[in-house]
There are 2 protein chains.
Amino acid sequence: MFPGIDTVTDADVLDALSHDEAEWARVGKAIAAVRPRTTEDVASVVKICAERRIPVVARGAGTGLSGGANAVDGGVVLDMSKMNKILEIDTDNMVAVVQPGVVNDDLKAAVKERGLWYPPDPASAPWSTIGGNVATNAGGLCCLKYGVTRDYVLGLEAVVGGPAGAYGTVVNLGRRTTKGVAGYDLTGLFVGSEGTLGVVTEVTLRLRPARRTEPRTVVGAFSDVVAAGEAVAECTRRGLLPAALELLDRATLRAVEDWKHLGVTADAEALLLAQVDSDDAEAASIATAFTDSGAIWAEQSTDPFEAEALFAARRLAYPAMERLGPVLTEDICVPRSKVPAMLAEINGIAQRHDLQIATIAHAGDGNLHPLIITPAGDDELRVAAQAAFEEILSAAIAAGGTVTGEHGVGLLKRGGMNRELSPSVLAMQQAVKECLDPFNIFNPGKVVGNPSE
Amino acid sequence: MFPGIDTVTDADVLDALSHDEAEWARVGKAIAAVRPRTTEDVASVVKICAERRIPVVARGAGTGLSGGANAVDGGVVLDMSKMNKILEIDTDNMVAVVQPGVVNDDLKAAVKERGLWYPPDPASAPWSTIGGNVATNAGGLCCLKYGVTRDYVLGLEAVVGGPAGAYGTVVNLGRRTTKGVAGYDLTGLFVGSEGTLGVVTEVTLRLRPARRTEPRTVVGAFSDVVAAGEAVAECTRRGLLPAALELLDRATLRAVEDWKHLGVTADAEALLLAQVDSDDAEAASIATAFTDSGAIWAEQSTDPFEAEALFAARRLAYPAMERLGPVLTEDICVPRSKVPAMLAEINGIAQRHDLQIATIAHAGDGNLHPLIITPAGDDELRVAAQAAFEEILSAAIAAGGTVTGEHGVGLLKRGGMNRELSPSVLAMQQAVKECLDPFNIFNPGKVVGNPSE
């Protein structure tokens, strides 16, 4: 069907390529997976699929948490993992050009050798790809100070259809200059569109100079998560801007420790971890803000290994929780002043439904990840978990927040998004999709799809 | 025609409201200007105009330089200057909500009192409005380190039509949280769309904490502009990241000095001004980079008045040049390493056409503003100036740059944009416009309009 392009039809491999890590999202039955090696390969697959109206679902490493990369019935999975070359690192202009299959941490390592830094750091960075990061507009730990993936994407090459010409047309969106306003920001529109507007085949990224000082870590321990939330709000009020400000609750710490034995237990209900890359004065101010907000203790970590272990614990939180059972991952984002109230609300929801909910959070951004854990096979708890999931979304909307801060809409948040946005805005979203993908072959059903399907 | 809404039909006032500062762009003949005071006023005007298929051109202070706010024949000018309230400054969340008519510097002053900072600083900041800044995705001096207007717009209220419902529908795009990926980034799409997709009636802005240290200024004098360009490229290569890195050539300095007598003459062909808000070490490194690149002299300014005078000279450059005759303003942006070659190219174009071209630049961004000056009434020079204008655009495209870094496409850059973008991308732009504004009443002819009209 796709001459000259690696095609996978083996059922087991195809199954493995047909879903991301959103365990509770529906997975469609694909007819094949293909592994393009060039933009021309992608163009050829899209052209053939468009002619037959076969859906095309592009995927990176499959670390997504909303089902955005899940296969669609009768569709083709476009596994971008072989398009994994760093095409250029332009140190004079602090720009990198990469294929979508490049792993985030590999890019970080390559540019670091040239004295540069690619900041976006989703917890999945050791595995997730730039293409996947672009598709979901991935965030991470250091967005608080350094922004999200969209802030680093200057330009894109993509295979599109519709108004651009026949399906399979290759376009270059955006630019490689630091500034530019020639026409509508189609690059920004594609970032976060989860492959529903076209397939990204090349990404031009803005880089930053490597940080001039090693970041310091400030740790605070709190007797409950709400108090930790108050400390986060207080840091914002005081104009403190750490590079990262993360929250881990006791359940998360325990799960990581049981698995990896990093030695990061704490006799507290919640830890806050701040990473500071400005100066000692700001680190000290953050420790003071923690103490003033009722921390049991707060201190600057002088031991880089200890600090690294704490951030490693943060990054390992999700897989550690997954070991305890299927995890339904939330990704709400609320105004920072609402973090304490939102954490209290989550506690209440967990108690009402008799569920275990562990919370990790990019607390400084107001981006909370309550992880709802349910033992496999317990149907009653599963129903309760789904109810809790929707209640948390509603609470976030009521607090002036959003149902997804960084994981994307995919399949799991379509219902929540439909509650968050007005019918008029949803209609605009739908119109943009139809305008740029009139055959509805690019990852149909995701983002703007019908939540009841 | 618009009951209850201030309507202007006086010919002189209407003329004054019918154009921005792009002196060479065509100005259409409007039938009236209206001055709405509320979102409901705007919705009502848009509804009435849509029913009669009357074009609507929203305008702020009219400081634009591409003709984007110029009136359209038979259209209505929507003067947003009365919608100038700062609705909210939320210090806990570092967010401001403003009406579009708020002047940039007024917002800066208001948030400064609360310990906050709104970074985007176009040279027009004392007069230009947030609505105009949003329409053009305005840049400024400190974008190098702190980004452009789009980086600060979290959400928008806008009056739209088309898929959202009847023309006159009010929608809320985006969010007020720091992160959020619920659906396509329509907010980012509206920023920089120059009023062609709808009328923005409220803007939710991200703020930053006030800077913790007073910025230092580093000045370097160079014997020619190309050498100054080399110094800019060298700063980037060395990973130095000043908050601003501006270039002024001798013609500009002289024009400002003749007008304002700030005492900033220099016995040099070009000055570089760097504003550094990190630490003394970085300021010293920048001075060294200037010297290593052949500066006649380079020093840290220890006198805040002198430093302020230099940046004032930069801000006054455009009006100072305008006193010498109609100015055709360029706004190209090239990769930073190409700044020296581009400056040499501009010199060559000026000589070939026997034109006076003064250059000011956000050099650290690669964003150059060659100002082509022609004495009023000299038709031959006018033709030469237009030829030079297009040659500079072509040279920027050839250098991998863009025809507009921050001023917008408006009327003057439509031809250049059509050369910069491929026919496929232009078709996508046009499709987005038609999809969101099927009646083509929002600022028709701008951005995606036909350049020959």
# chains A, B, ... in the order shown; residues from 1 in each chain; ligands from 1
>>> residues_around(residues="range 175-185 of chain B", least_positions_apart="6", cutoff="6 Å", atoms="only C-alpha atoms", output="list in words")
Leu189, Ser193, Val334, Pro335, Asp365, Thr404, Gly405, Glu406, Gly408 and Met417 of chain A; Leu154 and Gly155 of chain B
>>> select_by_dssp(residues="range 384-437 of chain B", states="alpha helix (DSSP H)", output="PyMOL selection string")
chain B and resi 384-398+414-420+423-436
>>> write_last_selection(atoms="N, CA, C and O atoms", output="short mmCIF file (atom, residue, chain, number, x, y, z; two decimals), in the first residue's frame")
data_model
loop_
_atom_site.label_atom_id
_atom_site.label_comp_id
_atom_site.auth_asym_id
_atom_site.auth_seq_id
_atom_site.Cartn_x
_atom_site.Cartn_y
_atom_site.Cartn_z
N ALA B 384 12.61 56.08 -6.65
CA ALA B 384 13.83 55.41 -6.22
C ALA B 384 13.66 54.80 -4.83
O ALA B 384 14.10 53.68 -4.56
N ALA B 385 12.98 55.54 -3.94
CA ALA B 385 12.77 55.06 -2.58
C ALA B 385 11.94 53.78 -2.59
O ALA B 385 12.23 52.83 -1.86
N GLN B 386 10.91 53.78 -3.45
CA GLN B 386 10.08 52.58 -3.50
C GLN B 386 10.86 51.38 -4.04
O GLN B 386 10.70 50.26 -3.55
N ALA B 387 11.71 51.63 -5.01
CA ALA B 387 12.54 50.55 -5.53
C ALA B 387 13.48 50.04 -4.44
O ALA B 387 13.65 48.82 -4.25
N ALA B 388 14.09 50.97 -3.70
CA ALA B 388 15.00 50.58 -2.62
C ALA B 388 14.27 49.77 -1.56
O ALA B 388 14.77 48.76 -1.04
N PHE B 389 13.05 50.21 -1.23
CA PHE B 389 12.20 49.52 -0.24
C PHE B 389 12.04 48.05 -0.63
O PHE B 389 12.28 47.13 0.16
N GLU B 390 11.66 47.81 -1.87
CA GLU B 390 11.44 46.42 -2.32
C GLU B 390 12.75 45.65 -2.38
O GLU B 390 12.79 44.45 -2.07
N GLU B 391 13.86 46.33 -2.75
CA GLU B 391 15.15 45.64 -2.81
C GLU B 391 15.59 45.19 -1.41
O GLU B 391 16.18 44.11 -1.25
N ILE B 392 15.33 46.03 -0.44
CA ILE B 392 15.70 45.66 0.94
C ILE B 392 14.88 44.44 1.38
O ILE B 392 15.41 43.49 1.98
N LEU B 393 13.59 44.43 1.05
CA LEU B 393 12.76 43.26 1.39
C LEU B 393 13.31 42.00 0.74
O LEU B 393 13.43 40.95 1.38
N SER B 394 13.66 42.11 -0.54
CA SER B 394 14.18 40.93 -1.25
C SER B 394 15.48 40.46 -0.63
O SER B 394 15.72 39.24 -0.50
N ALA B 395 16.34 41.41 -0.25
CA ALA B 395 17.62 41.03 0.37
C ALA B 395 17.38 40.32 1.69
O ALA B 395 18.08 39.37 2.04
N ALA B 396 16.38 40.79 2.45
CA ALA B 396 16.06 40.15 3.74
C ALA B 396 15.58 38.72 3.51
O ALA B 396 16.00 37.79 4.22
N ILE B 397 14.70 38.54 2.54
CA ILE B 397 14.20 37.19 2.24
C ILE B 397 15.37 36.29 1.82
O ILE B 397 15.50 35.16 2.29
N ALA B 398 16.26 36.84 0.97
CA ALA B 398 17.41 36.05 0.49
C ALA B 398 18.32 35.66 1.65
O ALA B 398 18.98 34.61 1.61
N ARG B 414 2.25 43.71 2.02
CA ARG B 414 1.53 42.60 1.41
C ARG B 414 2.33 41.99 0.26
O ARG B 414 2.43 40.77 0.11
N GLY B 415 2.93 42.87 -0.57
CA GLY B 415 3.74 42.37 -1.69
C GLY B 415 4.93 41.57 -1.18
O GLY B 415 5.24 40.49 -1.68
N GLY B 416 5.61 42.13 -0.18
CA GLY B 416 6.77 41.43 0.38
C GLY B 416 6.38 40.10 0.99
O GLY B 416 7.07 39.09 0.81
N MET B 417 5.27 40.07 1.72
CA MET B 417 4.82 38.82 2.33
C MET B 417 4.52 37.79 1.25
O MET B 417 4.82 36.61 1.41
N ASN B 418 3.95 38.24 0.14
CA ASN B 418 3.64 37.30 -0.94
C ASN B 418 4.90 36.73 -1.58
O ASN B 418 4.86 35.64 -2.14
N ARG B 419 6.01 37.47 -1.46
CA ARG B 419 7.27 36.89 -1.95
C ARG B 419 7.91 35.99 -0.90
O ARG B 419 8.60 35.03 -1.23
N GLU B 420 7.67 36.32 0.38
CA GLU B 420 8.31 35.55 1.45
C GLU B 420 7.65 34.17 1.63
O GLU B 420 8.33 33.18 1.83
N PRO B 423 3.01 29.98 -2.15
CA PRO B 423 1.59 30.05 -2.51
C PRO B 423 0.72 29.15 -1.61
O PRO B 423 -0.40 29.53 -1.27
N SER B 424 1.25 28.01 -1.20
CA SER B 424 0.46 27.12 -0.34
C SER B 424 0.19 27.76 1.01
O SER B 424 -0.92 27.67 1.55
N VAL B 425 1.21 28.39 1.59
CA VAL B 425 1.03 29.02 2.90
C VAL B 425 0.09 30.22 2.77
O VAL B 425 -0.78 30.44 3.63
N LEU B 426 0.25 30.99 1.70
CA LEU B 426 -0.67 32.12 1.48
C LEU B 426 -2.11 31.63 1.37
O LEU B 426 -3.03 32.26 1.89
N ALA B 427 -2.29 30.49 0.71
CA ALA B 427 -3.65 29.94 0.58
C ALA B 427 -4.20 29.52 1.94
O ALA B 427 -5.40 29.69 2.22
N MET B 428 -3.32 29.00 2.81
CA MET B 428 -3.79 28.64 4.16
C MET B 428 -4.19 29.91 4.93
O MET B 428 -5.20 29.92 5.64
N GLN B 429 -3.38 30.96 4.80
CA GLN B 429 -3.70 32.23 5.47
C GLN B 429 -5.08 32.72 5.01
O GLN B 429 -5.93 33.11 5.81
N GLN B 430 -5.26 32.72 3.69
CA GLN B 430 -6.51 33.21 3.10
C GLN B 430 -7.69 32.36 3.58
O GLN B 430 -8.76 32.89 3.90
N ALA B 431 -7.48 31.06 3.65
CA ALA B 431 -8.56 30.15 4.08
C ALA B 431 -8.96 30.43 5.53
O ALA B 431 -10.15 30.40 5.87
N VAL B 432 -7.98 30.70 6.39
CA VAL B 432 -8.28 31.01 7.79
C VAL B 432 -9.10 32.30 7.86
O VAL B 432 -10.09 32.40 8.60
N LYS B 433 -8.68 33.30 7.09
CA LYS B 433 -9.44 34.57 7.06
C LYS B 433 -10.89 34.32 6.61
O LYS B 433 -11.84 34.78 7.24
N GLU B 434 -11.06 33.58 5.52
CA GLU B 434 -12.41 33.35 4.99
C GLU B 434 -13.26 32.53 5.95
O GLU B 434 -14.47 32.74 6.05
N CYS B 435 -12.60 31.62 6.64
CA CYS B 435 -13.32 30.75 7.58
C CYS B 435 -13.85 31.56 8.77
O CYS B 435 -14.99 31.37 9.21
N LEU B 436 -13.04 32.49 9.29
CA LEU B 436 -13.46 33.22 10.49
C LEU B 436 -14.18 34.53 10.17
O LEU B 436 -14.83 35.09 11.04
#
>>> residues_around(residues="range 69-78 of chain A", least_positions_apart="5", cutoff="6 Å", atoms="only C-alpha atoms", output="count of residues only")
17
>>> residues_around(residues="range 134-138 of chain A", least_positions_apart="2", cutoff="8 Å", atoms="only C-alpha atoms", output="list of chain:residue names")
A:Pro120, A:Pro122, A:Ile130, A:Gly131, A:Gly132, A:Gly140, A:Val148, A:Thr149, A:Arg150, A:Val153, A:Phe190, A:Val191, A:Gly192, A:Ser193, A:Glu194, A:Gly195, A:Glu406, A:His407, A:Gly408, B:Val181
>>> residues_around(residues="range 81-84 of chain B", least_positions_apart="4", cutoff="7 Å", atoms="only C-alpha atoms", output="VMD selection string")
chain B and resid 35 to 38 60 99 to 102
>>> closest_residue(among="B:Asp437, B:Asp12, B:Asp41, B:Asp378", to="chain A", atoms="only C-alpha atoms")
B:Asp437
>>> closest_residue(among="B:Leu173, B:Ala228, B:Ala344, B:Leu156", to="chain A", atoms="only C-alpha atoms")
B:Leu173
>>> closest_residue(among="B:Ile332, B:Arg237, B:Asp277, B:Ile357", to="Leu116 in chain A", atoms="only C-alpha atoms")
B:Arg237
>>> closest_residue(among="B:Leu241, B:Ile373, B:Ile5, B:Leu411", to="chain A", atoms="only C-alpha atoms")
B:Leu241
>>> residues_around(residues="range 320-326 of chain B", least_positions_apart="6", cutoff="12 Å", atoms="only C-alpha atoms", output="number ranges by chain")
B: 21-25, 249-261, 312-314, 356-360, 369-378, 381-382, 385
>>> write_last_selection(atoms="N, CA, C and O atoms", output="compact mmCIF listing (two decimals), in the first residue's frame")
# COMPACT_ATOMS: atom_id res chain seq x y z
N GLU B 21 0.61 55.97 10.73
CA GLU B 21 1.77 56.78 10.37
C GLU B 21 2.56 56.24 9.17
O GLU B 21 3.67 56.68 8.92
N ALA B 22 1.97 55.31 8.46
CA ALA B 22 2.61 54.82 7.24
C ALA B 22 2.29 55.81 6.13
O ALA B 22 1.30 55.67 5.41
N GLU B 23 3.14 56.80 5.99
CA GLU B 23 2.77 57.94 5.13
C GLU B 23 2.54 57.55 3.68
O GLU B 23 1.85 58.24 2.96
N TRP B 24 3.14 56.46 3.26
CA TRP B 24 3.04 56.12 1.85
C TRP B 24 1.93 55.13 1.54
O TRP B 24 1.76 54.74 0.38
N ALA B 25 1.20 54.73 2.52
CA ALA B 25 0.16 53.73 2.27
C ALA B 25 -1.14 54.43 1.86
O ALA B 25 -1.45 55.53 2.31
N ASP B 249 22.64 54.68 13.81
CA ASP B 249 23.73 55.16 12.97
C ASP B 249 23.88 56.68 13.10
O ASP B 249 23.09 57.35 13.77
N ARG B 250 24.92 57.21 12.45
CA ARG B 250 25.26 58.61 12.64
C ARG B 250 24.12 59.54 12.17
O ARG B 250 23.82 60.54 12.83
N ALA B 251 23.48 59.19 11.06
CA ALA B 251 22.41 60.04 10.53
C ALA B 251 21.27 60.15 11.56
O ALA B 251 20.70 61.23 11.76
N THR B 252 20.98 59.06 12.22
CA THR B 252 19.91 59.07 13.21
C THR B 252 20.30 59.91 14.42
O THR B 252 19.53 60.76 14.89
N LEU B 253 21.51 59.68 14.92
CA LEU B 253 21.98 60.43 16.08
C LEU B 253 21.94 61.94 15.79
O LEU B 253 21.51 62.73 16.62
N ARG B 254 22.38 62.30 14.59
CA ARG B 254 22.43 63.72 14.24
C ARG B 254 21.02 64.30 14.20
O ARG B 254 20.76 65.39 14.70
N ALA B 255 20.09 63.57 13.61
CA ALA B 255 18.72 64.07 13.49
C ALA B 255 18.08 64.26 14.87
O ALA B 255 17.39 65.26 15.12
N VAL B 256 18.33 63.31 15.78
CA VAL B 256 17.77 63.44 17.13
C VAL B 256 18.40 64.62 17.85
O VAL B 256 17.73 65.44 18.47
N GLU B 257 19.73 64.75 17.71
CA GLU B 257 20.45 65.82 18.40
C GLU B 257 20.02 67.19 17.89
O GLU B 257 19.79 68.11 18.69
N ASP B 258 19.86 67.32 16.58
CA ASP B 258 19.44 68.60 16.00
C ASP B 258 18.09 69.02 16.54
O ASP B 258 17.78 70.20 16.65
N TRP B 259 17.26 68.01 16.87
CA TRP B 259 15.89 68.29 17.30
C TRP B 259 15.82 68.49 18.81
O TRP B 259 15.26 69.47 19.30
N LYS B 260 16.42 67.58 19.57
CA LYS B 260 16.16 67.55 21.01
C LYS B 260 17.34 67.99 21.88
O LYS B 260 17.18 68.18 23.09
N HIS B 261 18.53 68.12 21.29
CA HIS B 261 19.71 68.57 22.04
C HIS B 261 19.91 67.77 23.33
O HIS B 261 19.98 68.33 24.43
N ALA B 312 16.57 57.45 25.20
CA ALA B 312 15.59 58.43 24.71
C ALA B 312 15.88 58.75 23.25
O ALA B 312 14.97 58.84 22.42
N ALA B 313 17.17 58.90 22.92
CA ALA B 313 17.54 59.16 21.52
C ALA B 313 17.03 58.03 20.64
O ALA B 313 16.50 58.26 19.55
N ARG B 314 17.16 56.80 21.10
CA ARG B 314 16.69 55.66 20.33
C ARG B 314 15.17 55.75 20.10
O ARG B 314 14.69 55.55 19.00
N GLN B 356 19.10 58.83 0.97
CA GLN B 356 19.53 58.86 2.36
C GLN B 356 18.75 57.77 3.12
O GLN B 356 17.52 57.81 3.18
N ILE B 357 19.46 56.80 3.62
CA ILE B 357 18.82 55.76 4.45
C ILE B 357 19.51 55.76 5.81
O ILE B 357 20.71 55.46 5.91
N ALA B 358 18.77 56.14 6.82
CA ALA B 358 19.29 56.07 8.20
C ALA B 358 18.83 54.75 8.79
O ALA B 358 17.71 54.30 8.52
N THR B 359 19.69 54.12 9.57
CA THR B 359 19.29 52.82 10.13
C THR B 359 19.29 52.83 11.66
O THR B 359 20.27 53.21 12.29
N ILE B 360 18.15 52.46 12.20
CA ILE B 360 18.08 52.13 13.61
C ILE B 360 17.71 50.65 13.66
O ILE B 360 17.12 50.12 12.72
N HIS B 369 15.57 48.54 11.14
CA HIS B 369 14.64 49.55 10.62
C HIS B 369 15.38 50.58 9.78
O HIS B 369 15.64 51.69 10.23
N PRO B 370 15.73 50.25 8.55
CA PRO B 370 16.27 51.28 7.67
C PRO B 370 15.15 52.29 7.38
O PRO B 370 14.02 51.89 7.06
N LEU B 371 15.45 53.57 7.53
CA LEU B 371 14.45 54.61 7.28
C LEU B 371 14.86 55.34 6.01
O LEU B 371 15.91 55.98 5.95
N ILE B 372 14.02 55.20 5.00
CA ILE B 372 14.33 55.82 3.72
C ILE B 372 13.68 57.19 3.69
O ILE B 372 12.46 57.31 3.78
N ILE B 373 14.52 58.24 3.59
CA ILE B 373 13.99 59.60 3.66
C ILE B 373 14.00 60.23 2.27
O ILE B 373 14.98 60.14 1.55
N THR B 374 12.87 60.82 1.94
CA THR B 374 12.79 61.50 0.63
C THR B 374 12.17 62.86 0.83
O THR B 374 11.11 62.98 1.45
N PRO B 375 12.79 63.91 0.30
CA PRO B 375 12.21 65.25 0.40
C PRO B 375 10.84 65.26 -0.26
O PRO B 375 10.64 64.65 -1.32
N ALA B 376 9.87 65.91 0.39
CA ALA B 376 8.51 65.97 -0.15
C ALA B 376 8.53 66.57 -1.55
O ALA B 376 9.28 67.51 -1.82
N GLY B 377 7.71 66.01 -2.43
CA GLY B 377 7.54 66.60 -3.77
C GLY B 377 8.55 66.15 -4.81
O GLY B 377 8.44 66.51 -5.97
N ASP B 378 9.54 65.37 -4.42
CA ASP B 378 10.52 64.91 -5.40
C ASP B 378 10.10 63.55 -5.94
O ASP B 378 10.37 62.51 -5.34
N LEU B 381 12.89 60.83 -6.69
CA LEU B 381 13.41 60.18 -5.49
C LEU B 381 12.38 59.24 -4.88
O LEU B 381 12.72 58.21 -4.30
N ARG B 382 11.13 59.62 -5.02
CA ARG B 382 10.07 58.78 -4.47
C ARG B 382 10.05 57.41 -5.16
O ARG B 382 9.91 56.38 -4.49
N ALA B 385 12.98 55.54 -3.94
CA ALA B 385 12.77 55.06 -2.58
C ALA B 385 11.94 53.78 -2.59
O ALA B 385 12.23 52.83 -1.86
>>> residues_around(residues="range 244-246 of chain A", least_positions_apart="3", cutoff="10 Å", atoms="only C-alpha atoms", output="PyMOL selection string")
chain A and resi 140-146+217-219+232+235+241+271-277+311+314+360-368
>>> select_by_dssp(residues="range 93-236 of chain A", states="strand (DSSP E)", output="PyMOL selection string")
chain A and resi 95-98+116-117+153-160+169-174+199-206+208-209+216-222
>>> write_last_selection(atoms="N, CA and C atoms", output="short mmCIF file (atom, residue, chain, number, x, y, z; two decimals), in the first residue's frame")
data_model
loop_
_atom_site.label_atom_id
_atom_site.label_comp_id
_atom_site.auth_asym_id
_atom_site.auth_seq_id
_atom_site.Cartn_x
_atom_site.Cartn_y
_atom_site.Cartn_z
N VAL A 95 19.78 28.56 17.16
CA VAL A 95 18.64 27.90 16.52
C VAL A 95 19.03 26.45 16.25
N ALA A 96 18.08 25.55 16.44
CA ALA A 96 18.28 24.15 16.04
C ALA A 96 17.16 23.76 15.08
N VAL A 97 17.51 22.92 14.11
CA VAL A 97 16.50 22.37 13.21
C VAL A 97 16.53 20.86 13.38
N VAL A 98 15.39 20.28 13.72
CA VAL A 98 15.36 18.85 14.03
C VAL A 98 14.19 18.16 13.36
N LEU A 116 24.68 25.72 24.57
CA LEU A 116 23.30 26.20 24.45
C LEU A 116 22.35 25.35 25.28
N TRP A 117 21.11 25.82 25.35
CA TRP A 117 20.13 25.16 26.21
C TRP A 117 18.77 25.18 25.54
N VAL A 153 9.22 27.31 19.45
CA VAL A 153 9.06 26.88 18.06
C VAL A 153 8.99 28.11 17.16
N LEU A 154 10.01 28.30 16.36
CA LEU A 154 10.02 29.44 15.43
C LEU A 154 9.34 29.07 14.12
N GLY A 155 9.56 27.85 13.67
CA GLY A 155 9.01 27.46 12.38
C GLY A 155 8.80 25.97 12.31
N LEU A 156 8.00 25.55 11.36
CA LEU A 156 7.66 24.13 11.18
C LEU A 156 7.63 23.81 9.69
N GLU A 157 8.08 22.62 9.35
CA GLU A 157 7.74 22.05 8.06
C GLU A 157 6.64 21.04 8.33
N ALA A 158 5.60 21.05 7.51
CA ALA A 158 4.49 20.13 7.75
C ALA A 158 3.91 19.64 6.43
N VAL A 159 3.35 18.45 6.50
CA VAL A 159 2.62 17.92 5.36
C VAL A 159 1.14 18.18 5.62
N VAL A 160 0.50 18.90 4.71
CA VAL A 160 -0.87 19.34 4.93
C VAL A 160 -1.72 19.02 3.71
N THR A 169 0.87 18.04 0.35
CA THR A 169 1.65 19.26 0.09
C THR A 169 2.55 19.55 1.30
N VAL A 170 3.80 19.91 1.02
CA VAL A 170 4.74 20.25 2.09
C VAL A 170 4.81 21.77 2.21
N VAL A 171 4.61 22.27 3.42
CA VAL A 171 4.69 23.73 3.62
C VAL A 171 5.71 24.06 4.71
N ASN A 172 6.26 25.25 4.61
CA ASN A 172 7.12 25.79 5.66
C ASN A 172 6.38 26.93 6.34
N LEU A 173 6.06 26.74 7.60
CA LEU A 173 5.35 27.76 8.37
C LEU A 173 6.36 28.48 9.26
N GLY A 174 6.08 29.75 9.52
CA GLY A 174 6.93 30.48 10.46
C GLY A 174 8.22 30.95 9.83
N VAL A 199 0.80 16.91 9.46
CA VAL A 199 1.87 16.14 10.10
C VAL A 199 3.16 16.96 10.08
N VAL A 200 3.70 17.24 11.25
CA VAL A 200 4.93 18.03 11.35
C VAL A 200 6.12 17.14 10.99
N THR A 201 6.95 17.62 10.06
CA THR A 201 8.09 16.81 9.60
C THR A 201 9.44 17.44 9.92
N GLU A 202 9.44 18.69 10.38
CA GLU A 202 10.69 19.35 10.75
C GLU A 202 10.35 20.51 11.67
N VAL A 203 11.21 20.76 12.66
CA VAL A 203 10.92 21.81 13.64
C VAL A 203 12.13 22.72 13.78
N THR A 204 11.91 24.02 13.65
CA THR A 204 12.98 25.00 13.87
C THR A 204 12.78 25.61 15.25
N LEU A 205 13.78 25.41 16.11
CA LEU A 205 13.63 25.76 17.52
C LEU A 205 14.57 26.88 17.92
N ARG A 206 14.07 27.76 18.73
CA ARG A 206 14.87 28.78 19.38
C ARG A 206 15.60 28.13 20.57
N ARG A 208 18.46 28.88 23.95
CA ARG A 208 18.98 29.92 24.84
C ARG A 208 20.44 29.63 25.16
N PRO A 209 21.18 30.65 25.58
CA PRO A 209 22.53 30.36 26.05
C PRO A 209 22.44 29.43 27.27
N ARG A 216 20.31 26.47 42.15
CA ARG A 216 20.26 26.03 43.55
C ARG A 216 18.87 25.45 43.82
N THR A 217 18.78 24.57 44.80
CA THR A 217 17.50 23.99 45.16
C THR A 217 17.10 24.44 46.56
N VAL A 218 15.85 24.85 46.70
CA VAL A 218 15.31 25.17 48.02
C VAL A 218 14.20 24.17 48.29
N VAL A 219 14.22 23.54 49.43
CA VAL A 219 13.22 22.52 49.79
C VAL A 219 12.44 23.00 51.00
N GLY A 220 11.13 22.83 50.98
CA GLY A 220 10.31 23.13 52.14
C GLY A 220 9.40 21.95 52.44
N ALA A 221 9.24 21.63 53.71
CA ALA A 221 8.35 20.54 54.11
C ALA A 221 7.14 21.13 54.83
N PHE A 222 5.96 20.58 54.55
CA PHE A 222 4.72 21.15 55.08
C PHE A 222 3.88 20.05 55.72
#
